[in-house]
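*Asks:* Below you'll find my_file27.txt; it's compact mmCIF, C-alpha atoms.
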# COMPACT_ATOMS: atom_id res chain seq x y z
CA MET A 33 29.95 -13.33 5.05
CA ALA A 34 28.30 -15.72 2.75
CA ASP A 35 25.28 -16.67 4.74
CA ARG A 36 23.09 -19.41 3.54
CA HIS A 37 19.92 -17.42 3.22
CA PRO A 38 19.20 -16.19 -0.27
CA ARG A 39 20.10 -12.66 0.75
CA THR A 40 20.70 -9.91 -1.70
CA THR A 41 24.38 -9.34 -2.16
CA ALA A 42 26.05 -6.21 -3.46
CA LYS A 43 26.29 -7.84 -6.87
CA ASP A 44 22.58 -8.62 -6.85
CA VAL A 45 21.78 -4.99 -6.10
CA ALA A 46 24.12 -3.89 -8.91
CA LEU A 47 22.53 -6.30 -11.37
CA ILE A 48 19.03 -5.23 -10.38
CA ALA A 49 19.86 -1.53 -10.64
CA LEU A 50 21.71 -1.79 -13.95
CA PHE A 51 19.04 -3.96 -15.49
CA ALA A 52 16.43 -1.41 -14.47
CA ALA A 53 18.60 1.14 -16.27
CA PHE A 54 18.77 -1.22 -19.25
CA ILE A 55 14.95 -1.38 -19.39
CA CYS A 56 14.83 2.43 -19.25
CA VAL A 57 17.30 2.67 -22.13
CA LEU A 58 15.18 0.31 -24.23
CA GLY A 59 12.37 2.82 -23.79
CA LEU A 60 14.61 5.66 -24.92
CA THR A 61 15.87 3.97 -28.07
CA PRO A 62 14.08 5.10 -31.19
CA ARG A 63 11.74 2.42 -32.40
CA ILE A 64 12.98 0.46 -35.33
CA ALA A 65 9.94 -0.16 -37.49
CA LEU A 66 9.24 -3.76 -38.28
CA PRO A 67 8.05 -4.23 -41.84
CA PHE A 68 5.26 -6.69 -41.11
CA LEU A 69 3.86 -5.22 -37.92
CA PRO A 70 1.56 -2.21 -38.09
CA THR A 71 1.22 -1.56 -34.35
CA PRO A 72 3.79 0.59 -32.58
CA PHE A 73 6.47 -1.75 -31.42
CA THR A 74 8.35 -0.83 -28.29
CA ILE A 75 11.14 -3.07 -27.18
CA GLN A 76 10.75 -2.07 -23.55
CA THR A 77 8.76 -5.19 -22.71
CA LEU A 78 11.63 -7.14 -24.20
CA GLY A 79 13.72 -5.73 -21.37
CA VAL A 80 11.20 -7.13 -18.90
CA LEU A 81 11.48 -10.62 -20.39
CA LEU A 82 15.27 -10.39 -20.46
CA ALA A 83 15.37 -9.23 -16.85
CA GLY A 84 13.60 -12.44 -15.85
CA GLY A 85 15.42 -14.71 -18.26
CA VAL A 86 18.92 -13.39 -17.59
CA LEU A 87 18.76 -12.46 -13.92
CA GLY A 88 16.27 -15.09 -12.77
CA ALA A 89 12.82 -14.77 -11.21
CA HIS A 90 13.78 -12.94 -8.06
CA ARG A 91 16.24 -10.36 -9.34
CA GLY A 92 14.30 -9.94 -12.57
CA ALA A 93 11.12 -9.05 -10.71
CA TRP A 94 13.03 -6.56 -8.54
CA ALA A 95 14.66 -4.96 -11.58
CA THR A 96 11.28 -4.36 -13.20
CA ALA A 97 9.80 -3.15 -9.90
CA LEU A 98 12.66 -0.68 -9.65
CA PHE A 99 11.92 0.46 -13.18
CA LEU A 100 8.32 1.13 -12.13
CA VAL A 101 9.57 3.16 -9.16
CA LEU A 102 11.52 5.33 -11.59
CA VAL A 103 8.43 5.77 -13.73
CA ALA A 104 6.43 6.71 -10.65
CA VAL A 105 8.89 9.35 -9.47
CA GLY A 106 8.62 11.10 -12.79
CA LEU A 107 11.55 10.07 -14.93
CA PRO A 108 10.71 10.18 -18.64
CA VAL A 109 11.66 6.57 -19.24
CA LEU A 110 8.56 5.19 -20.89
CA PRO A 111 8.47 5.10 -24.71
CA GLY A 112 7.92 8.58 -26.07
CA GLY A 113 9.83 10.14 -23.18
CA VAL A 114 6.99 10.25 -20.68
CA GLY A 115 6.81 9.24 -17.03
CA GLY A 116 5.17 10.10 -13.76
CA ILE A 117 2.52 8.56 -11.59
CA GLY A 118 -0.10 9.47 -14.20
CA MET A 119 1.35 6.83 -16.47
CA LEU A 120 0.66 4.26 -13.76
CA ALA A 121 -3.01 5.25 -13.76
CA GLY A 122 -3.84 5.46 -17.48
CA PRO A 123 -5.85 2.84 -19.34
CA THR A 124 -2.91 0.57 -20.14
CA ALA A 125 -1.30 0.89 -16.71
CA GLY A 126 -2.38 -2.60 -15.70
CA PHE A 127 0.25 -4.00 -18.01
CA LEU A 128 2.92 -1.86 -16.39
CA TRP A 129 2.04 -2.96 -12.85
CA THR A 130 2.33 -6.58 -13.78
CA TYR A 131 5.76 -6.26 -15.41
CA PRO A 132 7.37 -7.72 -12.27
CA ALA A 133 5.04 -10.71 -12.49
CA GLY A 134 5.96 -11.17 -16.15
CA ALA A 135 9.67 -11.07 -15.37
CA TRP A 136 9.12 -13.44 -12.47
CA VAL A 137 7.25 -16.02 -14.55
CA THR A 138 9.85 -15.98 -17.32
CA GLY A 139 12.67 -16.17 -14.79
CA MET A 140 11.05 -18.97 -12.84
CA LEU A 141 10.65 -21.12 -15.96
CA VAL A 142 14.17 -20.39 -17.18
CA GLU A 143 15.53 -21.34 -13.75
CA ARG A 144 13.52 -24.52 -13.75
CA TRP A 145 14.75 -25.51 -17.22
CA TRP A 146 18.25 -24.15 -16.69
CA ARG A 147 20.20 -27.39 -17.31
CA LYS A 148 18.34 -28.28 -20.48
CA LEU A 149 17.56 -24.79 -21.65
CA SER A 150 16.90 -24.65 -25.39
CA TRP A 151 15.68 -21.88 -27.61
CA LEU A 152 12.22 -23.42 -27.60
CA ARG A 153 12.10 -23.62 -23.81
CA GLY A 154 13.32 -20.04 -23.59
CA PHE A 155 10.61 -19.05 -26.05
CA VAL A 156 7.91 -20.78 -24.02
CA ALA A 157 9.20 -19.09 -20.86
CA ALA A 158 9.16 -15.69 -22.56
CA VAL A 159 5.67 -16.18 -23.99
CA ALA A 160 4.43 -17.25 -20.55
CA GLY A 161 5.95 -14.10 -19.07
CA SER A 162 4.34 -11.91 -21.74
CA VAL A 163 0.95 -13.49 -21.27
CA ALA A 164 1.20 -13.21 -17.48
CA VAL A 165 0.60 -9.47 -17.76
CA TYR A 166 -2.61 -9.86 -19.77
CA PRO A 167 -5.22 -10.55 -17.06
CA LEU A 168 -4.58 -7.48 -14.93
CA GLY A 169 -3.79 -5.42 -18.01
CA HIS A 170 -7.16 -6.25 -19.49
CA ALA A 171 -8.97 -5.90 -16.19
CA TRP A 172 -7.60 -2.37 -15.81
CA ILE A 173 -8.56 -1.46 -19.36
CA ALA A 174 -12.07 -2.61 -18.51
CA VAL A 175 -12.15 -0.64 -15.25
CA THR A 176 -10.87 2.61 -16.70
CA THR A 177 -12.78 2.53 -19.95
CA GLY A 178 -16.05 1.05 -18.84
CA MET A 179 -15.65 -1.56 -21.54
CA SER A 180 -17.04 -4.92 -20.63
CA ALA A 181 -14.41 -7.37 -19.44
CA THR A 182 -15.05 -9.64 -22.39
CA THR A 183 -14.50 -6.86 -24.90
CA ALA A 184 -11.37 -5.72 -23.12
CA SER A 185 -9.98 -9.21 -23.03
CA TRP A 186 -9.97 -9.20 -26.82
CA SER A 187 -7.16 -6.70 -26.83
CA TRP A 188 -4.76 -9.61 -26.53
CA VAL A 189 -5.19 -9.92 -30.29
CA VAL A 190 -3.37 -6.60 -30.62
CA TYR A 191 -0.56 -7.54 -28.29
CA LEU A 192 0.06 -11.17 -29.06
CA PRO A 193 1.84 -10.88 -32.46
CA GLY A 194 4.35 -8.38 -31.08
CA ASP A 195 4.81 -10.47 -27.95
CA LEU A 196 5.56 -13.58 -29.99
CA ILE A 197 8.24 -11.73 -31.95
CA LYS A 198 9.73 -10.28 -28.78
CA SER A 199 9.66 -13.67 -27.10
CA ALA A 200 11.54 -15.23 -29.99
CA LEU A 201 14.21 -12.54 -29.70
CA ALA A 202 14.33 -12.77 -25.92
CA ALA A 203 14.73 -16.54 -26.12
CA SER A 204 17.73 -16.29 -28.39
CA VAL A 205 19.39 -13.71 -26.15
CA ILE A 206 18.60 -15.72 -23.00
CA VAL A 207 20.05 -18.92 -24.44
CA THR A 208 23.20 -17.17 -25.67
CA MET A 209 23.63 -15.45 -22.33
CA LYS A 210 23.41 -18.80 -20.58
CA ARG A 211 26.40 -20.00 -22.60
CA ALA A 212 28.37 -16.76 -22.60
CA TYR A 213 27.66 -15.31 -19.19
CA PRO A 214 25.59 -17.56 -16.92
CA LEU A 215 24.21 -15.65 -13.97
CA LEU A 216 21.99 -18.30 -12.51
CA ASP A 217 23.25 -21.06 -10.31
CA PRO A 218 22.54 -24.52 -11.55
CA PRO A 219 19.79 -26.15 -9.52
CA PRO A 220 20.95 -27.61 -6.19
CA ALA A 221 23.72 -30.12 -6.80
CA PRO A 222 22.71 -33.06 -4.52
CA THR A 223 20.36 -34.48 -7.15
CA ALA A 224 23.26 -35.19 -9.48
CA PRO A 225 21.83 -38.12 -11.48
CA ALA A 226 20.34 -36.68 -14.62
CA SER A 227 17.55 -39.23 -14.50
CA ARG A 228 15.77 -37.28 -11.82
CA ASN A 229 13.24 -35.29 -13.70
CA GLU A 230 11.29 -33.89 -10.82
CA PRO A 231 11.32 -30.12 -11.08
CA ARG A 232 12.53 -28.50 -7.89
CA PRO A 233 11.81 -24.90 -7.08
CA ALA A 234 15.01 -23.24 -8.17
CA GLY A 235 14.54 -19.97 -6.34
CA GLY A 236 15.88 -21.08 -2.99
CA ALA A 237 19.23 -22.33 -1.72
CA LYS A 238 22.05 -20.42 -3.24
CA ALA A 239 24.49 -22.39 -1.12
CA ALA A 240 27.70 -23.43 -2.76
CA PRO A 241 27.89 -27.15 -3.43
CA MET B 11 23.72 13.41 -24.88
CA ILE B 12 20.58 12.05 -23.32
CA ALA B 13 19.44 14.44 -20.64
CA LEU B 14 17.38 12.75 -18.00
CA ALA B 15 16.09 15.83 -16.27
CA GLY B 16 12.86 14.23 -15.21
CA VAL B 17 9.40 15.49 -15.86
CA TYR B 18 9.70 17.87 -12.90
CA HIS B 19 8.96 21.47 -13.75
CA PRO B 20 10.86 23.73 -11.33
CA GLY B 21 8.99 26.51 -9.61
CA SER B 22 8.25 28.10 -6.26
CA SER B 23 4.46 28.02 -6.10
CA ALA B 24 2.48 26.82 -3.10
CA LEU B 25 2.07 23.48 -4.83
CA HIS B 26 5.81 23.16 -5.34
CA ARG B 27 6.44 23.88 -1.67
CA CYS B 28 3.83 21.44 -0.39
CA PRO B 29 5.47 18.29 1.05
CA ALA B 30 5.55 15.35 -1.37
CA GLY B 31 3.91 12.99 1.12
CA ILE B 32 0.83 15.20 1.43
CA LYS B 33 0.55 15.59 -2.33
CA LEU B 34 0.75 11.82 -2.76
CA PHE B 35 -1.96 11.31 -0.14
CA VAL B 36 -4.25 13.86 -1.83
CA LEU B 37 -3.60 12.15 -5.15
CA CYS B 38 -4.68 8.81 -3.70
CA VAL B 39 -7.89 10.34 -2.34
CA VAL B 40 -8.66 12.12 -5.61
CA GLY B 41 -7.89 9.01 -7.64
CA THR B 42 -10.07 6.73 -5.54
CA THR B 43 -12.92 9.22 -5.51
CA ALA B 44 -12.73 9.67 -9.28
CA MET B 45 -12.99 5.93 -9.79
CA ILE B 46 -16.01 5.60 -7.50
CA VAL B 47 -18.02 8.73 -8.27
CA GLY B 48 -19.95 8.53 -11.51
CA SER B 49 -21.61 11.93 -11.42
CA LEU B 50 -20.64 14.27 -14.21
CA PRO B 51 -21.01 17.53 -12.22
CA VAL B 52 -18.70 16.25 -9.48
CA LEU B 53 -16.09 15.08 -11.95
CA GLY B 54 -16.43 18.36 -13.84
CA ALA B 55 -15.86 20.29 -10.62
CA GLY B 56 -12.80 18.16 -10.00
CA ILE B 57 -11.41 19.05 -13.41
CA VAL B 58 -12.02 22.76 -12.80
CA LEU B 59 -10.16 22.46 -9.47
CA LEU B 60 -7.39 20.65 -11.25
CA ALA B 61 -7.12 23.45 -13.81
CA VAL B 62 -6.86 25.93 -10.92
CA GLY B 63 -4.07 23.76 -9.53
CA TYR B 64 -2.18 23.93 -12.81
CA ALA B 65 -2.66 27.70 -12.86
CA ILE B 66 -1.35 28.05 -9.29
CA ALA B 67 1.67 25.95 -10.15
CA ARG B 68 2.25 28.10 -13.26
CA ILE B 69 2.82 25.16 -15.56
CA GLU B 70 3.09 26.23 -19.18
CA PRO B 71 0.68 24.59 -21.59
CA ARG B 72 3.60 23.15 -23.52
CA ALA B 73 4.75 21.06 -20.57
CA ILE B 74 1.22 19.80 -19.99
CA TRP B 75 0.82 18.96 -23.64
CA ARG B 76 4.11 17.09 -23.82
CA LEU B 77 3.15 14.89 -20.89
CA SER B 78 -0.44 14.17 -21.82
CA ARG B 79 -0.75 14.17 -25.61
CA ALA B 80 -0.54 10.37 -25.85
CA LEU B 81 -3.19 10.04 -23.19
CA LEU B 82 -5.51 12.54 -24.86
CA VAL B 83 -5.50 10.50 -28.05
CA VAL B 84 -6.38 7.35 -26.11
CA VAL B 85 -9.11 9.15 -24.16
CA ALA B 86 -10.59 10.53 -27.37
CA ILE B 87 -10.70 7.11 -29.02
CA ILE B 88 -12.21 5.44 -25.97
CA ALA B 89 -14.77 8.23 -25.54
CA VAL B 90 -15.92 7.93 -29.14
CA ILE B 91 -16.31 4.16 -28.86
CA GLN B 92 -18.12 4.52 -25.54
CA ALA B 93 -20.42 7.21 -26.95
CA LEU B 94 -21.45 4.88 -29.76
CA VAL B 95 -21.88 1.87 -27.50
CA SER B 96 -23.47 3.23 -24.35
CA GLY B 97 -24.39 6.83 -24.94
CA LEU B 98 -22.97 10.29 -24.56
CA THR B 99 -23.23 10.61 -20.77
CA ALA B 100 -21.27 7.45 -20.13
CA ALA B 101 -18.62 8.59 -22.58
CA LEU B 102 -18.30 11.99 -20.89
CA VAL B 103 -18.06 10.45 -17.41
CA LEU B 104 -15.36 8.15 -18.63
CA ALA B 105 -13.34 10.87 -20.32
CA ALA B 106 -13.69 13.17 -17.32
CA ARG B 107 -12.60 10.42 -14.96
CA LEU B 108 -9.48 9.59 -16.93
CA LEU B 109 -8.57 13.25 -17.40
CA LEU B 110 -8.94 13.92 -13.69
CA LEU B 111 -6.99 10.86 -12.64
CA VAL B 112 -4.06 11.28 -14.96
CA GLY B 113 -4.14 15.07 -14.83
CA ALA B 114 -3.85 15.05 -11.04
CA ALA B 115 -1.01 12.54 -11.13
CA ASN B 116 0.81 14.60 -13.74
CA LEU B 117 0.40 17.73 -11.64
CA LEU B 118 2.11 15.93 -8.77
CA THR B 119 4.95 14.84 -11.03
CA LEU B 120 5.37 18.32 -12.50
CA THR B 121 5.56 20.05 -9.12
CA THR B 122 7.62 17.54 -7.12
CA PRO B 123 11.34 16.93 -7.59
CA THR B 124 12.37 13.34 -8.17
CA SER B 125 14.52 13.30 -5.04
CA ALA B 126 11.56 14.25 -2.84
CA LEU B 127 9.52 11.38 -4.27
CA ILE B 128 12.37 8.94 -3.71
CA ASP B 129 12.49 10.06 -0.07
CA VAL B 130 8.78 9.38 0.28
CA ILE B 131 9.23 5.94 -1.25
CA GLU B 132 12.02 5.12 1.19
CA ARG B 133 9.77 6.21 4.05
CA VAL B 134 6.76 4.26 2.79
CA LEU B 135 8.91 1.16 2.39
CA GLY B 136 9.98 1.35 6.04
CA PRO B 137 7.24 -0.97 7.35
CA LEU B 138 8.19 -3.53 4.69
CA ARG B 139 11.51 -4.08 6.45
CA ARG B 140 10.16 -7.17 8.16
CA PHE B 141 9.46 -8.73 4.76
CA GLY B 142 13.09 -8.38 3.76
CA VAL B 143 12.77 -5.09 1.93
CA ASP B 144 15.54 -2.71 2.91
CA PRO B 145 14.61 0.92 2.14
CA GLY B 146 18.26 1.96 2.21
CA GLN B 147 19.07 -0.68 -0.38
CA VAL B 148 16.22 0.55 -2.53
CA GLY B 149 17.65 4.05 -2.28
CA ILE B 150 21.08 2.84 -3.38
CA ALA B 151 19.54 0.89 -6.24
CA VAL B 152 17.58 3.94 -7.44
CA ALA B 153 20.71 6.09 -7.31
CA LEU B 154 22.69 3.45 -9.22
CA THR B 155 20.02 3.16 -11.88
CA LEU B 156 19.91 6.92 -12.37
CA ARG B 157 23.69 7.01 -12.65
CA PHE B 158 23.81 4.23 -15.21
CA ILE B 159 20.97 5.14 -17.54
CA PRO B 160 23.19 7.63 -19.45
CA VAL B 161 26.09 5.16 -19.44
CA ILE B 162 24.01 2.34 -20.89
CA ALA B 163 22.31 4.72 -23.31
CA THR B 164 25.72 5.80 -24.62
CA GLN B 165 26.69 2.17 -24.96
CA ALA B 166 23.48 1.50 -26.90
CA ALA B 167 24.25 4.37 -29.26
CA ARG B 168 27.77 3.06 -29.77
CA ILE B 169 26.52 -0.42 -30.61
CA ARG B 170 24.02 1.01 -33.05
CA GLU B 171 26.74 3.05 -34.75
CA ALA B 172 28.91 -0.03 -35.08
CA GLN B 173 25.95 -1.87 -36.57
CA ALA B 174 25.30 0.91 -39.03
CA ALA B 175 28.95 0.88 -40.05
CA ARG B 176 28.70 -2.81 -40.83
CA GLY B 177 25.33 -2.46 -42.45
CA VAL B 178 23.75 -4.77 -39.90
CA ARG B 179 20.18 -4.14 -38.84
CA SER B 180 19.22 -6.86 -36.47
CA TYR B 181 17.68 -6.55 -33.07
CA ARG B 182 19.58 -9.53 -31.79
CA SER B 183 23.00 -8.14 -32.63
CA PHE B 184 21.95 -4.96 -30.89
CA LEU B 185 20.50 -6.51 -27.75
CA LEU B 186 23.09 -9.16 -27.02
CA PRO B 187 26.12 -6.85 -26.74
CA LEU B 188 24.05 -4.40 -24.74
CA VAL B 189 22.93 -7.05 -22.27
CA ILE B 190 26.48 -8.36 -21.95
CA SER B 191 27.96 -4.94 -21.32
CA THR B 192 25.22 -4.20 -18.78
CA VAL B 193 26.04 -7.39 -16.90
CA ARG B 194 29.79 -6.68 -17.08
CA MET B 195 29.27 -3.21 -15.66
CA ALA B 196 27.18 -4.71 -12.85
CA ASP B 197 30.15 -6.95 -12.00
CA GLY B 198 32.35 -3.94 -11.47
CA VAL B 199 29.69 -2.00 -9.61
CA GLY B 200 29.03 -4.95 -7.32
CA GLU B 201 32.72 -5.17 -6.45
CA ALA B 202 32.91 -1.43 -5.87
CA LEU B 203 29.92 -1.61 -3.54
CA THR B 204 31.44 -4.47 -1.58
CA VAL B 205 34.76 -2.66 -1.27
CA ARG B 206 32.98 0.41 0.07
CA GLY B 207 31.38 -1.57 2.85
CA PHE B 208 28.00 -2.36 1.39
CA GLN B 209 26.60 -5.14 3.53
CA ALA B 210 24.33 -7.84 2.24
CA GLY B 211 20.89 -6.95 3.44
CA GLY B 212 22.50 -4.31 5.57
CA ALA B 213 22.48 -0.62 6.08
CA ARG B 214 23.59 2.15 3.86
CA HIS B 215 27.00 3.70 4.21
CA GLY B 216 28.05 7.02 2.73
Give the structure from this file in structure tokens form.

*Replies:*
Amino acid sequence: MADRHPRTTAKDVALIALFAAFICVLGLTPRIALPFLPTPFTIQTLGVLLAGGVLGAHRGAWATALFLVLVAVGLPVLPGGVGGIGMLAGPTAGFLWTYPAGAWVTGMLVERWWRKLSWLRGFVAAVAGSVAVYPLGHAWIAVTTGMSATTASWSWVVYLPGDLIKSALAASVIVTMKRAYPLLDPPPAPTAPASRNEPRPAGGAKAAP
Amino acid sequence: MIALAGVYHPGSSALHRCPAGIKLFVLCVVGTTAMIVGSLPVLGAGIVLLAVGYAIARIEPRAIWRLSRALLVVVAIIAVIQALVSGLTAALVLAARLLLLVGAANLLTLTTPTSALIDVIERVLGPLRRFGVDPGQVGIAVALTLRFIPVIATQAARIREAQAARGVRSYRSFLLPLVISTVRMADGVGEALTVRGFQAGGARHG
């Protein structure tokens, strides 16, 4: 029953569910302190980037959305063993809400660059995904704290160093996964000549060649 | 090894027995009001009511503390900054608002079992069916995730042990095997789902 619409198959659901679990586990792992970074460093956001980069935009976004559902229903899966709807209302909740967008952006870029994916491209995709959560994250900080939007928007300074490190790591995992265990279909086959450089939206048509 | 009991705090109070959907609705109303209202007496009254709610639900202080200590630190820092920048009243309003918002949400989480909340989510997602969201599928996915968190956590611990044995301390050599084993497991789970009659975009079967 392979219909041509990009429907979710049983395997998609399994990948989405298990990657959500993977993101949860990253929140449970004790933090390994990085010598040169003073801020608390959770690798949970790394899971968000990997969800996009390994599963692709669509499934990656669903995996992170599922993770948020688990947070909302009160599982202690955020760093420090906390959870519950309250965590989706606190000052930094804006970042959490936009996790799916972050995964989607990373996944979309990785899909687009799939054939010529390099570490650098993976890195750019991961950085783009990390930065995608900033606007709403900062807006929500401003709303909940009464800080002016401009002041709040400076908090990227705190997040960016960690995000760059995580993006570098995510890129190396994404590129290795592409070689070892590719989960994304190559872009539609008809445009076989490599000279065609026009980027086509990779999300659609999962039809077999 | 890793117990994932949820934040739920079992009990039999009126708040525990109240349907999850109603509690969620009240939470939305309280949350929206708290964000709009800027009057300190009103917010203060809200916090007093909230404290009564915690008392009715018989939540021990330890459980409250565990869930909200991180938030309290953040609220304290923000309040101090706000007090210096725009005065004491603004700082108090802000702190009260955050306490009320997060406190109410935490009360819901403490008095409502995870399964009841998942049911509500499935129900709320119903109207999204026409956009390709299948509530039954979401339910299956949630159940799968819950089942596999301990499995993947065990795997993570195993990988870390192996790393320690070899004296390796690199994030990459921790993440890569974990991602690969996650994806491998998903292969098997996907097949098992198909064998048991899971239909693409279709309904749930027992």

*Asks:* Please determine the contact residues of chain A with respect to chain B at a cut-off of 8 Å, counting only C-alpha atoms, and supply them as a PyMOL selection string.

*Replies:* chain A and resi 39-54+56-57+60+98+102+105-108+114-119+121-122+176-179+201+204-205+209+213

*Asks:* Find the spatial neighbours of Ala106 (chain B), counting only C-alpha atoms, within a cut-off of 8 Å - ignore same-chain residues fewer than 5 positions away - and output them as a ChimeraX atom specification.

*Replies:* /B:50,53-54,57

*Asks:* For CA of Val103 (chain A) and CA of Thr130 (chain A), quote the distance in Å rounded to one decimal.

*Replies:*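 Pair CA of Val103 (chain A) / CA of Thr130 (chain A) returns 13.8 Å.
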
*Asks:* Which is closest to Val80 (chain A) among A:Leu120, A:Leu141, A:Val175, A:Ala97, if we use all atoms listed in the file?

*Replies:*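 Of all the options, A:Ala97 lies closest to Val80 (chain A).
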
*Asks:* Could you tell me how far CA of Arg211 (chain A) lies from CA of Gly85 (chain A), in Å and to one decimal?

*Replies:*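 Spanning CA of Arg211 (chain A) to CA of Gly85 (chain A) is a straight-line distance of 12.9 Å.
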
*Asks:* Measuring between only C-alpha atoms, which one of B:Ile87, B:Leu25, B:Leu82, B:Ile32 shows the shortest distance to Val62 (chain B)?

*Replies:*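 Ranked by minimum distance to Val62 (chain B), first place goes to B:Leu25.
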
*Asks:* Give me, as a ChimeraX atom specification, all polymer residues having an atom no more than 9 Å from region 65-67 of chain B, counting all atoms listed in the file and skipping those fewer than 4 positions away in the same chain.

*Replies:* /B:21-26,60-61,117,120-121

*Asks:* Skipping near chain neighbours, those fewer than 2 positions away, what residues fall within 12 Å of Lys210 (chain A) using all atoms listed in the file, listed as a PyMOL selection string?

*Replies:* (chain A and resi 82+85-88+142-143+145-151+154+203-208+212-218) or (chain B and resi 186+189-190)

*Asks:* Out of A:Ala104, A:Ile197, A:Leu110, A:Val163, which residue has the shortest atom-to-atom distance to Gly134 (chain A) when counting all atoms listed in the file?

*Replies:*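 Checking each candidate against Gly134 (chain A), we get A:Val163 as the closest.
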
*Asks:* When distances are computed from only C-alpha atoms, which of A:Pro111, A:Gly79, A:Gly139, A:Gly59 shows the smallest separation from Ala93 (chain A)?

*Replies:*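 Using only C-alpha atoms, the shortest distance to Ala93 (chain A) belongs to A:Gly139.
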
*Asks:* Could you please determine the separation between CA of Gly194 (chain A) and CA of Gln173 (chain B) in Å, to one decimal place?

*Replies:*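 Separation between CA of Gly194 (chain A) and CA of Gln173 (chain B): 23.2 Å.
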
*Asks:* Counting all atoms listed in the file, which residue out of B:Phe141, B:Ala93, B:Asp129, B:Pro51 sits closest to Gly31 (chain B)?

*Replies:* B:Asp129

*Asks:* Restricting the calculation to all atoms listed in the file: of A:Arg91, A:Arg153, A:Arg144, A:His170, which residue gets closest to Trp129 (chain A)?

*Replies:*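 Selected residue with least distance to Trp129 (chain A): A:His170.
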
*Asks:* Hey, could you pull the box centre and edge lengths for region 165-182 of chain B, axis-aligned, 6 Å padding per side, all listed atoms, to one decimal in Å, as lines of an AutoDock Vina configuration file?

*Replies:*
center_x = 23.3
center_y = -2.6
center_z = -33.7
size_x = 23.3
size_y = 25.9
size_z = 29.5
